[in-house]
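Novice: See target27.cif below, with mmCIF, C-alpha atoms.
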```
data_work
loop_
_atom_site.label_atom_id
_atom_site.label_comp_id
_atom_site.auth_asym_id
_atom_site.auth_seq_id
_atom_site.Cartn_x
_atom_site.Cartn_y
_atom_site.Cartn_z
CA MET W 1 -19.94 -6.54 -32.82
CA ALA W 2 -19.34 -10.08 -33.99
CA ASN W 3 -15.63 -9.35 -34.64
CA GLN W 4 -15.03 -7.87 -31.21
CA LEU W 5 -13.77 -10.36 -28.61
CA SER W 6 -15.24 -9.94 -25.24
CA PHE W 7 -14.32 -11.82 -22.10
CA ASP W 8 -16.90 -10.42 -19.79
CA PHE W 9 -17.97 -13.91 -18.77
CA PHE W 10 -15.37 -14.19 -16.01
CA GLU W 11 -14.31 -11.78 -13.35
CA LEU W 12 -10.55 -12.05 -13.32
CA PRO W 13 -8.64 -10.52 -10.40
CA GLU W 14 -6.12 -7.83 -11.07
CA ILE W 15 -2.54 -9.14 -10.99
CA LYS W 16 -0.46 -7.39 -8.35
CA PRO W 17 3.25 -7.80 -7.67
CA ALA W 18 4.20 -9.75 -4.57
CA LEU W 19 5.13 -7.46 -1.71
CA HIS W 20 6.73 -9.88 0.70
CA ARG W 21 8.82 -12.51 -0.99
CA ARG W 22 10.26 -15.34 1.03
CA ILE W 23 13.99 -15.00 1.48
CA THR W 24 16.06 -18.15 1.67
CA ARG W 25 18.37 -18.25 4.63
CA SER W 26 21.19 -20.50 5.56
CA TYR W 27 21.11 -21.59 9.15
CA GLY W 28 24.44 -21.46 10.87
CA LYS W 29 27.83 -21.29 9.31
CA GLY W 30 28.49 -24.08 6.88
CA ASP W 31 31.77 -25.83 6.42
CA ASP W 32 33.51 -24.00 3.60
CA SER W 33 35.93 -26.89 3.10
CA ILE W 34 33.15 -29.09 1.68
CA ILE W 35 32.97 -28.46 -2.04
CA THR W 36 32.70 -31.82 -3.76
CA ARG W 37 31.08 -35.15 -3.00
CA SER W 38 34.44 -36.65 -2.12
CA ASP W 39 34.99 -33.85 0.43
CA ARG W 40 31.64 -34.72 2.01
CA LEU W 41 32.49 -38.43 2.15
CA THR W 42 35.91 -37.72 3.63
CA LYS W 43 34.37 -35.61 6.37
CA ARG W 44 31.73 -38.27 7.07
CA ASN W 45 34.36 -41.00 7.23
CA ARG W 46 36.62 -39.05 9.59
CA THR W 47 33.61 -38.35 11.80
CA MET W 48 32.75 -42.03 11.77
CA VAL W 49 36.30 -42.98 12.82
CA ALA W 50 36.12 -40.44 15.64
CA ARG W 51 32.80 -41.90 16.74
CA TYR W 52 34.30 -45.39 16.60
CA TYR W 53 37.15 -44.18 18.81
CA TYR W 54 34.62 -42.69 21.21
CA TRP W 55 32.51 -45.84 21.49
CA ALA W 56 35.39 -48.34 21.50
CA GLU W 57 38.05 -46.53 23.54
CA LEU W 58 36.26 -44.00 25.72
CA LYS W 59 33.01 -45.90 26.32
CA ARG W 60 34.75 -49.33 26.24
CA ARG W 61 32.23 -51.07 23.98
CA ARG W 62 32.99 -54.30 22.14
CA PHE W 63 33.95 -54.13 18.45
CA ASP W 64 30.74 -55.73 17.15
CA ASP W 65 28.56 -53.55 19.37
CA THR W 66 30.39 -50.43 18.20
CA ILE W 67 29.97 -51.35 14.54
CA LYS W 68 26.25 -51.97 15.12
CA ILE W 69 25.81 -48.60 16.86
CA LEU W 70 27.56 -46.75 14.04
CA ALA W 71 25.76 -48.61 11.26
CA ASP W 72 22.23 -48.70 12.65
CA ASN W 73 21.91 -45.70 14.96
CA GLU W 74 24.32 -43.01 13.83
CA PHE W 75 25.18 -43.26 10.12
CA PHE W 76 22.51 -45.60 8.71
CA ILE W 77 24.83 -47.57 6.46
CA ASP W 78 25.80 -51.23 6.18
CA ASP W 79 28.05 -52.88 8.77
CA ARG W 80 30.51 -53.81 6.05
CA THR W 81 30.80 -50.17 4.95
CA VAL W 82 31.72 -49.13 8.50
CA SER W 83 34.40 -51.83 8.61
CA ASN W 84 35.79 -50.74 5.24
CA ILE W 85 35.96 -47.12 6.37
CA LEU W 86 37.83 -48.12 9.53
CA VAL W 87 40.38 -49.97 7.42
CA ASP W 88 40.74 -47.05 4.96
CA TYR W 89 41.15 -44.46 7.73
CA ASP W 90 43.49 -46.50 9.90
CA ASP W 91 46.01 -43.61 10.00
CA TYR W 92 43.46 -41.26 11.53
CA LEU W 93 42.39 -43.89 14.07
CA ARG W 94 46.03 -44.46 15.05
CA GLU W 95 46.46 -40.70 15.43
CA LEU W 96 43.50 -40.59 17.82
CA LEU W 97 44.88 -43.56 19.75
CA ASN W 98 48.42 -42.19 19.98
CA THR W 99 47.33 -38.76 21.15
CA ASN W 100 44.82 -40.20 23.62
CA ALA W 101 42.13 -37.88 22.30
CA THR W 102 39.77 -36.74 25.02
CA ARG W 103 36.07 -36.04 24.84
CA ALA W 104 36.81 -32.32 24.96
CA LYS W 105 39.10 -32.54 21.93
CA LEU W 106 36.51 -34.56 20.02
CA ARG W 107 33.79 -32.09 21.02
CA ASP W 108 35.91 -29.23 19.63
CA GLN W 109 36.52 -31.03 16.33
CA TYR W 110 32.96 -32.34 15.88
CA PRO W 111 30.59 -30.01 17.75
CA GLY W 112 27.38 -31.48 16.31
CA TRP W 113 27.77 -34.79 18.13
CA SER W 114 27.16 -35.78 21.72
CA TRP W 115 30.41 -36.80 23.44
CA ALA W 116 28.98 -37.12 26.95
#
```
Would you encode the structure as structure tokens?

Specialist:
Amino acid sequence: MANQLSFDFFELPEIKPALHRRITRSYGKGDDSIITRSDRLTKRNRTMVARYYYWAELKRRRFDDTIKILADNEFFIDDRTVSNILVDYDDYLRELLNTNATRAKLRDQYPGWSWA
């Protein structure tokens, strides 16, 4: 009896397989064009230029106010970063200016933002 191991000291519950496992779901359709980090930054930067166009041209805000809105309220980055992005994406900003992009067009391109 001394050689026999006994674990009768504890009442251990019987292990049962899980019946209802949580299934991960993706909410909404994602953007399949975003694959790398640079794709994500490009999309963010184009969105930021469109938002700049909205605030500066459609809402008629001053440059410094627009930069402050984008940096502090919408994208949470430094003012200088917003300015650098506007310089880098000057072609896209000119395209928006030349085509006189409307709120409806911006709403179609960037549906997650308020263009009212």

Novice: Have a look at W:Arg44, W:His20, W:Phe10, W:Val49 and name the one nearest to Asp90 of chain W; count all atoms listed in the file.

Specialist: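 For Asp90 of chain W, the nearest of the candidates is W:Val49.
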
Novice: Just give me the residues with any atom within 12 Å of (31.4, -48.8, 9.3), file coordinates, counting all atoms listed in the file, written as a PyMOL selection string.

Specialist: chain W and resi 44-52+63-89

Novice: Could you please determine the separation between atom CA of Arg40 of chain W and atom CA of Lys105 of chain W in Å, to one decimal place?

Specialist: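 Interatomic distance, atom CA of Arg40 of chain W to atom CA of Lys105 of chain W: 21.4 Å.
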
Novice: Residues at most 12 Å from Ser114 of chain W, counting all atoms listed in the file, excluding those fewer than 5 positions away in the same chain, as a PDB file with C-alpha atoms, keeping the file's coordinate frame?

Specialist:
```pdb
ATOM      1  CA  ALA W  50      36.120 -40.440  15.640  1.00  0.00           C
ATOM      2  CA  ARG W  51      32.800 -41.900  16.740  1.00  0.00           C
ATOM      3  CA  TYR W  54      34.620 -42.690  21.210  1.00  0.00           C
ATOM      4  CA  TRP W  55      32.510 -45.840  21.490  1.00  0.00           C
ATOM      5  CA  GLU W  74      24.320 -43.010  13.830  1.00  0.00           C
ATOM      6  CA  ARG W 103      36.070 -36.040  24.840  1.00  0.00           C
ATOM      7  CA  ALA W 104      36.810 -32.320  24.960  1.00  0.00           C
ATOM      8  CA  LEU W 106      36.510 -34.560  20.020  1.00  0.00           C
ATOM      9  CA  ARG W 107      33.790 -32.090  21.020  1.00  0.00           C
ATOM     10  CA  ASP W 108      35.910 -29.230  19.630  1.00  0.00           C
ATOM     11  CA  GLN W 109      36.520 -31.030  16.330  1.00  0.00           C
TER      12      GLN W 109
END
```

Novice: Pick from W:Ala101, W:Ala18, W:Asp31, W:Tyr110: nearest to Glu57 of chain W, with only C-alpha atoms counted?

Specialist: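 Checking each candidate against Glu57 of chain W, we get W:Ala101 as the closest.
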
Novice: Rounded to one decimal place, report the atom CA of Arg37 of chain W-atom CA of Trp115 of chain W distance in Å.

Specialist: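 Taking atom CA of Arg37 of chain W and atom CA of Trp115 of chain W, their separation equals 26.5 Å.
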
Novice: Calculate how many Å separate atom CA of Ala56 of chain W from atom CA of Thr99 of chain W, rounding to one decimal.

Specialist: 15.3 Å
